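For reference, protein33.cif (mmCIF, C-alpha atoms):
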data_final
loop_
_atom_site.label_atom_id
_atom_site.label_comp_id
_atom_site.auth_asym_id
_atom_site.auth_seq_id
_atom_site.Cartn_x
_atom_site.Cartn_y
_atom_site.Cartn_z
CA MET A 1 5.58 17.69 1.84
CA ALA A 2 7.21 20.39 3.92
CA ASP A 3 5.39 23.34 2.36
CA ARG A 4 2.10 21.97 3.66
CA PHE A 5 3.23 21.84 7.26
CA VAL A 6 2.45 24.65 9.60
CA GLY A 7 4.61 23.70 12.54
CA GLY A 8 7.38 21.45 13.71
CA GLU A 9 11.06 21.15 13.01
CA PRO A 10 11.73 20.42 9.29
CA ILE A 11 13.46 17.09 8.79
CA THR A 12 14.50 14.81 5.97
CA LEU A 13 13.34 11.24 6.61
CA SER A 14 15.15 8.67 4.50
CA PHE A 15 13.93 5.08 4.12
CA ARG A 16 15.88 2.06 2.93
CA VAL A 17 13.99 -1.19 2.28
CA THR A 18 15.66 -4.63 2.19
CA ASP A 19 14.29 -8.18 1.90
CA GLY A 20 15.12 -11.47 3.62
CA ASP A 21 18.30 -11.91 1.57
CA GLY A 22 19.46 -8.38 2.36
CA GLN A 23 18.63 -7.39 -1.24
CA LEU A 24 17.37 -3.87 -1.88
CA VAL A 25 13.64 -3.63 -2.60
CA THR A 26 13.65 -1.26 -5.56
CA ASP A 27 9.96 -0.91 -6.33
CA ALA A 28 8.19 -0.52 -3.00
CA ILE A 29 5.85 2.35 -2.17
CA VAL A 30 6.36 4.07 1.18
CA GLU A 31 3.43 6.08 2.57
CA LEU A 32 3.71 8.40 5.56
CA TRP A 33 0.77 9.32 7.76
CA GLN A 34 1.49 11.76 10.54
CA THR A 35 0.39 14.93 12.27
CA ASP A 36 2.00 18.30 11.75
CA GLY A 37 0.70 19.63 15.04
CA THR A 38 -2.55 20.87 13.51
CA SER A 39 -3.86 18.26 11.11
CA SER A 40 -3.10 14.87 9.57
CA VAL A 41 -0.88 14.80 6.52
CA PHE A 42 0.04 12.15 4.02
CA GLY A 43 2.95 11.57 1.67
CA ARG A 44 3.96 8.80 -0.71
CA LEU A 45 7.16 7.92 -2.58
CA PRO A 46 8.53 4.91 -4.50
CA THR A 47 11.90 3.41 -3.58
CA GLY A 48 14.54 3.77 -6.29
CA GLU A 49 17.28 1.50 -7.61
CA ASP A 50 19.18 1.98 -4.32
CA GLY A 51 16.16 0.80 -2.30
CA THR A 52 15.71 4.24 -0.74
CA CYS A 53 13.32 7.17 -0.79
CA GLU A 54 13.48 10.42 1.09
CA PHE A 55 10.71 12.65 2.45
CA GLU A 56 10.97 16.31 3.39
CA THR A 57 8.64 16.55 6.37
CA VAL A 58 8.54 17.74 9.98
CA ARG A 59 9.30 15.99 13.22
CA PRO A 60 5.86 15.41 14.73
CA ALA A 61 4.95 16.36 18.27
CA THR A 62 3.86 14.01 21.03
CA VAL A 63 0.23 12.91 20.63
CA ALA A 64 -2.37 11.65 23.04
CA GLY A 65 -2.33 7.92 23.62
CA GLY A 66 -5.07 5.79 25.14
CA SER A 67 -6.01 6.15 28.82
CA GLY A 68 -4.56 9.61 29.29
CA GLY A 69 -0.95 8.90 28.35
CA LEU A 70 1.18 10.41 25.61
CA GLN A 71 2.73 8.75 22.57
CA ALA A 72 6.28 9.70 21.65
CA PRO A 73 6.69 11.59 18.35
CA HIS A 74 6.28 9.08 15.54
CA VAL A 75 5.37 8.70 11.90
CA ASN A 76 2.95 5.98 10.75
CA VAL A 77 4.18 4.09 7.70
CA CYS A 78 2.38 1.89 5.16
CA LEU A 79 4.62 -0.18 2.91
CA LEU A 80 3.15 -1.51 -0.33
CA ALA A 81 5.01 -3.58 -2.92
CA ARG A 82 4.66 -6.06 -5.71
CA GLY A 83 5.51 -9.30 -3.93
CA LEU A 84 3.64 -8.42 -0.74
CA LEU A 85 0.13 -9.89 -0.51
CA ARG A 86 -0.89 -7.24 2.04
CA HIS A 87 0.58 -3.87 2.83
CA LEU A 88 2.57 -3.57 6.05
CA HIS A 89 2.23 -1.03 8.85
CA THR A 90 5.12 0.16 10.94
CA ARG A 91 6.12 3.28 12.92
CA VAL A 92 9.16 5.49 12.84
CA TYR A 93 10.33 6.85 16.21
CA PHE A 94 13.31 9.12 16.73
CA ALA A 95 16.35 7.75 18.56
CA GLY A 96 17.23 9.65 21.72
CA ASP A 97 13.78 11.13 22.26
CA PRO A 98 13.12 11.24 26.02
CA ALA A 99 9.43 10.37 25.46
CA LEU A 100 10.31 6.90 24.08
CA ALA A 101 10.44 5.38 27.55
CA GLN A 102 6.78 6.25 28.20
CA ASP A 103 5.39 5.32 24.78
CA PRO A 104 2.45 2.87 25.11
CA VAL A 105 3.01 1.30 21.68
CA LEU A 106 6.71 0.64 22.20
CA ALA A 107 5.69 -0.91 25.50
CA LEU A 108 3.79 -3.57 23.49
CA VAL A 109 6.94 -4.47 21.53
CA PRO A 110 9.44 -6.99 22.95
CA GLU A 111 12.34 -4.98 24.30
CA ASP A 112 14.95 -6.56 22.04
CA ARG A 113 12.98 -5.53 18.93
CA ARG A 114 12.22 -1.89 19.82
CA SER A 115 15.40 -0.63 18.19
CA THR A 116 14.03 -1.68 14.78
CA LEU A 117 11.51 1.18 15.06
CA LEU A 118 14.11 3.92 15.57
CA ALA A 119 15.34 6.35 12.97
CA HIS A 120 18.89 7.55 13.57
CA PRO A 121 20.42 10.91 12.70
CA ALA A 122 22.59 10.82 9.58
CA PRO A 123 26.17 11.63 10.48
CA GLU A 124 26.80 13.98 7.57
CA ARG A 125 23.85 16.35 7.80
CA GLN A 126 21.82 17.77 10.65
CA GLY A 127 18.08 17.19 10.36
CA ARG A 128 18.42 14.09 8.17
CA TRP A 129 17.16 10.84 9.73
CA LEU A 130 17.74 7.31 8.42
CA PHE A 131 15.25 4.48 8.85
CA ASP A 132 15.82 0.89 7.71
CA VAL A 133 12.86 -1.31 6.84
CA ARG A 134 14.00 -4.95 6.99
CA LEU A 135 11.28 -7.31 5.81
CA GLN A 136 12.97 -10.36 7.32
CA GLY A 137 16.18 -11.39 9.08
CA ALA A 138 17.79 -11.01 12.48
CA LYS A 139 16.87 -7.33 12.71
CA GLU A 140 13.46 -7.70 11.07
CA THR A 141 11.42 -4.52 11.47
CA VAL A 142 8.42 -4.69 13.78
CA PHE A 143 5.15 -4.55 11.83
CA PHE A 144 1.76 -3.86 13.35
CA ASP A 145 -1.78 -5.11 12.92
CA VAL A 146 -3.65 -1.80 13.14
CA MET B 1 -12.96 -2.40 4.58
CA LYS B 2 -10.87 -4.33 7.00
CA ASP B 3 -12.52 -6.61 9.48
CA ARG B 4 -9.97 -8.43 11.57
CA SER B 5 -12.40 -11.18 12.55
CA ALA B 6 -12.70 -12.12 8.88
CA MET B 7 -9.00 -12.04 8.14
CA ALA B 8 -8.50 -15.79 8.41
CA GLY B 9 -10.04 -16.69 5.09
CA SER B 10 -11.09 -13.62 3.18
CA GLN B 11 -7.75 -11.79 3.34
CA PRO B 12 -4.55 -13.35 2.05
CA PRO B 13 -1.82 -14.45 4.46
CA LEU B 14 1.46 -12.56 4.26
CA LEU B 15 3.34 -15.80 3.53
CA TYR B 16 2.04 -17.92 0.67
CA PRO B 17 4.93 -19.96 -0.76
CA PRO B 18 3.33 -20.63 -4.17
CA TYR B 19 3.74 -16.85 -4.65
CA ARG B 20 7.50 -17.11 -4.51
CA SER B 21 8.48 -13.58 -3.56
CA THR B 22 6.49 -13.82 -0.32
CA THR B 23 9.12 -16.27 1.01
CA ARG B 24 11.69 -13.46 1.04
CA TRP B 25 9.36 -10.51 1.66
CA ALA B 26 6.74 -11.64 4.17
CA PRO B 27 7.71 -10.75 7.76
CA SER B 28 8.59 -13.94 9.66
CA LYS B 29 7.57 -12.66 13.08
CA PRO B 30 3.94 -12.13 14.12
CA LEU B 31 2.40 -8.69 13.69
CA ILE B 32 1.93 -6.74 16.91
CA ARG B 33 -1.70 -5.80 17.37
CA LEU B 34 -2.35 -2.17 18.21
CA PRO B 35 -5.40 -1.20 20.27
CA GLU B 36 -7.60 1.14 18.23
CA THR B 37 -7.13 3.94 20.72
CA LEU B 38 -3.42 3.98 19.90
CA SER B 39 -3.73 4.06 16.13
CA GLU B 40 -6.37 6.69 15.52
CA LEU B 41 -5.41 9.50 13.20
CA ASP B 42 -7.82 11.83 11.50
CA ALA B 43 -8.29 11.53 7.76
CA PRO B 44 -5.55 13.32 5.90
CA VAL B 45 -6.36 16.34 3.79
CA TYR B 46 -6.44 15.51 0.08
CA GLY B 47 -7.05 19.11 -0.94
CA TRP B 48 -3.61 19.37 -2.47
CA TRP B 49 -4.47 16.40 -4.66
CA PRO B 50 -7.21 17.86 -6.88
CA LEU B 51 -8.97 15.41 -9.17
CA GLY B 52 -8.82 16.08 -12.89
CA GLU B 53 -11.84 15.83 -15.16
CA ALA B 54 -10.60 12.67 -16.98
CA ASP B 55 -9.11 10.99 -13.93
CA ASN B 56 -11.84 8.33 -13.87
CA ASP B 57 -12.00 7.91 -17.66
CA LEU B 58 -8.83 6.14 -18.77
CA THR B 59 -9.96 6.31 -22.41
CA ARG B 60 -9.85 10.12 -22.45
CA GLN B 61 -6.43 10.80 -20.97
CA SER B 62 -4.63 11.06 -24.33
CA SER B 63 -5.09 12.76 -27.71
CA ASP B 64 -6.58 9.57 -29.15
CA GLU B 65 -8.44 6.50 -27.93
CA PRO B 66 -6.61 3.50 -26.51
CA GLN B 67 -6.86 0.09 -28.17
CA GLY B 68 -9.02 -2.62 -26.64
CA GLN B 69 -12.50 -3.38 -25.37
CA ARG B 70 -14.00 -0.36 -23.64
CA ILE B 71 -15.61 -1.23 -20.30
CA ILE B 72 -17.27 0.50 -17.34
CA VAL B 73 -16.02 -0.61 -13.94
CA ALA B 74 -18.44 0.49 -11.23
CA GLY B 75 -19.34 -0.52 -7.73
CA ARG B 76 -19.68 0.58 -4.16
CA VAL B 77 -17.35 0.85 -1.19
CA LEU B 78 -18.92 -0.66 1.92
CA ASP B 79 -17.59 -1.05 5.44
CA GLU B 80 -17.66 -4.22 7.52
CA ALA B 81 -21.30 -3.53 8.48
CA ALA B 82 -22.24 -3.03 4.78
CA ARG B 83 -22.65 0.72 5.26
CA PRO B 84 -21.61 2.90 2.31
CA VAL B 85 -18.27 4.67 2.62
CA ALA B 86 -18.62 8.16 1.14
CA SER B 87 -15.75 10.37 -0.02
CA ALA B 88 -13.26 7.51 -0.20
CA LEU B 89 -10.40 8.06 -2.63
CA ILE B 90 -10.06 5.11 -5.03
CA GLU B 91 -7.05 4.67 -7.28
CA LEU B 92 -6.84 2.08 -10.02
CA TRP B 93 -4.00 0.88 -12.24
CA GLN B 94 -3.78 -1.82 -14.88
CA ALA B 95 -2.02 -3.24 -17.92
CA ASN B 96 -3.16 -2.26 -21.43
CA ALA B 97 -5.19 -4.46 -23.79
CA ALA B 98 -2.01 -6.33 -24.77
CA GLY B 99 -1.07 -7.06 -21.15
CA ARG B 100 1.71 -4.46 -20.83
CA TYR B 101 2.03 -1.92 -18.03
CA CYS B 102 3.14 1.60 -18.78
CA HIS B 103 5.96 1.23 -16.25
CA ALA B 104 9.74 1.24 -16.61
CA LYS B 105 10.05 -2.12 -14.83
CA ASP B 106 7.67 -4.00 -17.17
CA ASP B 107 9.86 -5.75 -19.76
CA HIS B 108 7.13 -7.97 -21.22
CA PRO B 109 7.60 -7.57 -25.00
CA ALA B 110 3.90 -6.84 -25.67
CA PRO B 111 3.43 -3.37 -27.20
CA LEU B 112 2.86 -0.22 -25.21
CA ASP B 113 -0.22 1.77 -26.22
CA PRO B 114 0.77 5.42 -26.64
CA HIS B 115 -2.81 6.39 -25.75
CA PHE B 116 -3.16 4.38 -22.55
CA ALA B 117 -1.38 5.18 -19.29
CA GLY B 118 -3.49 2.74 -17.27
CA ALA B 119 -4.00 4.78 -14.10
CA GLY B 120 -7.10 6.53 -12.75
CA ARG B 121 -8.70 7.76 -9.58
CA THR B 122 -12.02 8.97 -8.26
CA ILE B 123 -13.94 9.67 -5.04
CA THR B 124 -17.00 7.76 -3.88
CA ASP B 125 -20.31 9.62 -3.72
CA ALA B 126 -22.70 9.81 -0.75
CA GLU B 127 -23.88 6.22 -1.40
CA GLY B 128 -20.31 4.96 -1.66
CA ARG B 129 -20.55 4.58 -5.44
CA TYR B 130 -17.69 4.94 -7.91
CA GLU B 131 -17.33 4.52 -11.66
CA PHE B 132 -14.43 4.24 -14.09
CA ILE B 133 -14.34 3.98 -17.86
CA THR B 134 -11.36 1.98 -19.05
CA ILE B 135 -10.39 -0.88 -21.39
CA LYS B 136 -10.23 -4.54 -20.47
CA PRO B 137 -6.62 -5.38 -19.62
CA GLY B 138 -4.83 -8.35 -21.16
CA ALA B 139 -3.34 -11.32 -19.30
CA TYR B 140 0.44 -11.29 -19.12
CA PRO B 141 3.29 -13.70 -18.32
CA TRP B 142 5.42 -13.44 -15.19
CA ARG B 143 8.34 -15.33 -13.71
CA ASN B 144 6.73 -16.94 -10.67
CA HIS B 145 6.69 -20.47 -12.12
CA ASP B 146 6.95 -22.26 -15.44
CA ASN B 147 4.48 -20.88 -17.99
CA ALA B 148 2.94 -18.52 -15.40
CA TRP B 149 0.32 -16.05 -16.69
CA ARG B 150 -1.63 -13.63 -14.54
CA PRO B 151 -5.37 -13.60 -15.25
CA ALA B 152 -6.58 -10.22 -16.49
CA HIS B 153 -6.97 -7.93 -13.48
CA ILE B 154 -7.23 -4.34 -12.32
CA HIS B 155 -5.43 -3.11 -9.21
CA PHE B 156 -7.40 -1.04 -6.69
CA SER B 157 -6.15 1.17 -3.87
CA LEU B 158 -8.60 2.65 -1.35
CA PHE B 159 -8.23 5.29 1.29
CA GLY B 160 -10.94 5.22 3.90
CA SER B 161 -11.13 7.54 6.84
CA SER B 162 -7.67 6.73 8.23
CA PHE B 163 -4.58 4.64 7.58
CA ARG B 164 -6.32 1.84 9.47
CA THR B 165 -8.76 1.45 6.60
CA ARG B 166 -6.18 1.50 3.82
CA LEU B 167 -6.97 -1.27 1.36
CA VAL B 168 -5.11 -2.55 -1.69
CA THR B 169 -6.75 -5.25 -3.78
CA GLN B 170 -7.27 -6.62 -7.28
CA MET B 171 -10.37 -7.07 -9.44
CA TYR B 172 -10.72 -10.00 -11.86
CA PHE B 173 -13.15 -10.81 -14.66
CA PRO B 174 -15.65 -13.69 -14.33
CA ASP B 175 -14.77 -17.24 -15.41
CA ASP B 176 -11.16 -16.64 -16.40
CA PRO B 177 -9.56 -20.08 -17.06
CA LEU B 178 -6.31 -18.80 -15.51
CA PHE B 179 -7.84 -18.49 -12.01
CA ASP B 180 -6.85 -21.98 -10.84
CA TYR B 181 -3.19 -21.38 -11.71
CA ASP B 182 -2.79 -17.92 -10.20
CA PRO B 183 -1.13 -17.98 -6.77
CA ILE B 184 -2.10 -14.38 -6.07
CA LEU B 185 -5.83 -15.08 -6.43
CA GLN B 186 -5.48 -18.50 -4.75
CA SER B 187 -3.73 -16.89 -1.76
CA VAL B 188 -7.22 -15.87 -0.62
CA HIS B 189 -8.15 -19.20 0.93
CA ASP B 190 -11.90 -18.63 1.21
CA GLU B 191 -13.43 -19.56 -2.12
CA ARG B 192 -16.59 -17.55 -1.32
CA ALA B 193 -14.47 -14.49 -0.69
CA ARG B 194 -12.71 -14.94 -4.03
CA ARG B 195 -16.05 -15.15 -5.82
CA ARG B 196 -17.99 -12.65 -3.70
CA PRO B 197 -20.46 -10.92 -6.01
CA PRO B 198 -20.81 -7.14 -6.01
#
Would you mind writing the file's structure down as structure tokens?
Amino acid sequence: MADRFVGGEPITLSFRVTDGDGQLVTDAIVELWQTDGTSSVFGRLPTGEDGTCEFETVRPATVAGGSGGLQAPHVNVCLLARGLLRHLHTRVYFAGDPALAQDPVLALVPEDRRSTLLAHPAPERQGRWLFDVRLQGAKETVFFDV
Amino acid sequence: MKDRSAMAGSQPPLLYPPYRSTTRWAPSKPLIRLPETLSELDAPVYGWWPLGEADNDLTRQSSDEPQGQRIIVAGRVLDEAARPVASALIELWQANAAGRYCHAKDDHPAPLDPHFAGAGRTITDAEGRYEFITIKPGAYPWRNHDNAWRPAHIHFSLFGSSFRTRLVTQMYFPDDPLFDYDPILQSVHDERARRRPP
């Protein structure tokens, strides 16, 4: 995706999808919808045998929220899979971003579940972010009705 | 397209135990509803996704014709107020006439057709119309329950004006005797919605 972006810091965004038994979901489709600072962009990848897929993209900027506020940088995600009767919507935010505290969408999420929406920097490589999608379980990812 | 007030019966629930995999895959906690003002995003640019000439004719994507009954699948994309949705990208995928997908994960022993990939796409016109030429897919067995067979169907994926109007669905053929035994079709509780005519 990165060659289509005009602005923003290049990042690698890596997804890992697991089900209610902690099993890897090896044939999901992950779609990204985000802004690159100028326009909306879209990307789509299947998860592999290790339950992961990895996008080359950019870290989006803050965007306008409702009623004059700002939303923290985030990526909209659609998850589609055989075995899901409807696709699921979630959001990827970036751990440590100072704008998280003011984000109006995170404010709608119970505090003890907000951490499920955070990508974390990979220890081994700068610019690589890891995001777990857990369909069920104690740390079940927050999904949205958009 | 999606109308949340109609979700109760015309859209499937996320959890439908007769479709076994939903018991492990459906989120157990309620979805968090986003106000529209917080989930607006302009339509993405599909310009880097140019359509090919045979993309909506699945019988012309190979050096020879696929096996099976040739059919035209046509219709319109309408929004919740029955207004046509123009310039919507529609993708379609399906099994071949023998009921086998051209996909590495399909291990059903029915034969692959070397002349049928089973995937197409098109864009709706100003009146929301689309048209595909394809072959009628076969029914196929799956592991959901004893002697489970999916009725013949074609998968559809639609992109409206934003990710809020993303839609993934399936199209069936009239009067298939497998309907009553298919938990995916039966997961749509509203019988009128299942049978809604074009």
Expected selection from the PyMOL selection byres ((chain A and resi 101-110) around 9), given as a compact mmCIF listing (two decimals) with C-alpha atoms, keeping the file's coordinate frame:
# COMPACT_ATOMS: atom_id res chain seq x y z
CA GLY A 65 -2.33 7.92 23.62
CA GLY A 66 -5.07 5.79 25.14
CA GLY A 69 -0.95 8.90 28.35
CA LEU A 70 1.18 10.41 25.61
CA GLN A 71 2.73 8.75 22.57
CA ALA A 72 6.28 9.70 21.65
CA ASP A 97 13.78 11.13 22.26
CA PRO A 98 13.12 11.24 26.02
CA ALA A 99 9.43 10.37 25.46
CA LEU A 100 10.31 6.90 24.08
CA GLU A 111 12.34 -4.98 24.30
CA ASP A 112 14.95 -6.56 22.04
CA ARG A 113 12.98 -5.53 18.93
CA ARG A 114 12.22 -1.89 19.82
CA LEU A 117 11.51 1.18 15.06
CA VAL A 142 8.42 -4.69 13.78
CA ILE B 32 1.93 -6.74 16.91
CA ARG B 33 -1.70 -5.80 17.37
CA LEU B 34 -2.35 -2.17 18.21
CA PRO B 35 -5.40 -1.20 20.27
CA LEU B 38 -3.42 3.98 19.90
**Message:** Which residues are close to segment 8-12 of chain A, i.e. within 9 Å by all atoms listed in the file, leaving aside same-chain residues fewer than 6 positions away? Reply as a PyMOL selection string.
**Reply:** chain A and resi 2+36-37+54-61+126-130
**Request:** List the residues selected by the PyMOL selection byres ((chain A) within 7 of (chain B)) in the file shown, writing them as a ChimeraX atom specification.
**Result:** /A:19-21,40-42,65-66,83-86,135-136,143-146
Any chance you can output those residues with C-alpha atoms as a PDB file, in the coordinates of the input?
ATOM      1  CA  ASP A  19      14.290  -8.180   1.900  1.00  0.00           C
ATOM      2  CA  GLY A  20      15.120 -11.470   3.620  1.00  0.00           C
ATOM      3  CA  ASP A  21      18.300 -11.910   1.570  1.00  0.00           C
ATOM      4  CA  SER A  40      -3.100  14.870   9.570  1.00  0.00           C
ATOM      5  CA  VAL A  41      -0.880  14.800   6.520  1.00  0.00           C
ATOM      6  CA  PHE A  42       0.040  12.150   4.020  1.00  0.00           C
ATOM      7  CA  GLY A  65      -2.330   7.920  23.620  1.00  0.00           C
ATOM      8  CA  GLY A  66      -5.070   5.790  25.140  1.00  0.00           C
ATOM      9  CA  GLY A  83       5.510  -9.300  -3.930  1.00  0.00           C
ATOM     10  CA  LEU A  84       3.640  -8.420  -0.740  1.00  0.00           C
ATOM     11  CA  LEU A  85       0.130  -9.890  -0.510  1.00  0.00           C
ATOM     12  CA  ARG A  86      -0.890  -7.240   2.040  1.00  0.00           C
ATOM     13  CA  LEU A 135      11.280  -7.310   5.810  1.00  0.00           C
ATOM     14  CA  GLN A 136      12.970 -10.360   7.320  1.00  0.00           C
ATOM     15  CA  PHE A 143       5.150  -4.550  11.830  1.00  0.00           C
ATOM     16  CA  PHE A 144       1.760  -3.860  13.350  1.00  0.00           C
ATOM     17  CA  ASP A 145      -1.780  -5.110  12.920  1.00  0.00           C
ATOM     18  CA  VAL A 146      -3.650  -1.800  13.140  1.00  0.00           C
TER      19      VAL A 146
END
**Request:** For atom CA of Phe15 of chain A and atom CA of Arg82 of chain A, determine how far apart the two atoms are, in Å to one decimal place.
**Result:**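 Those two atoms sit 17.5 Å apart.
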**Item:** Residue IDs satisfying the PyMOL selection byres ((chain A and resi 79) around 7), as a list in words
**Value:**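 Applying the expression gives Ala28, Ile29, Val30, Glu31, Val77, Cys78, Leu80, Ala81, His87, Leu88 and His89 of chain A.
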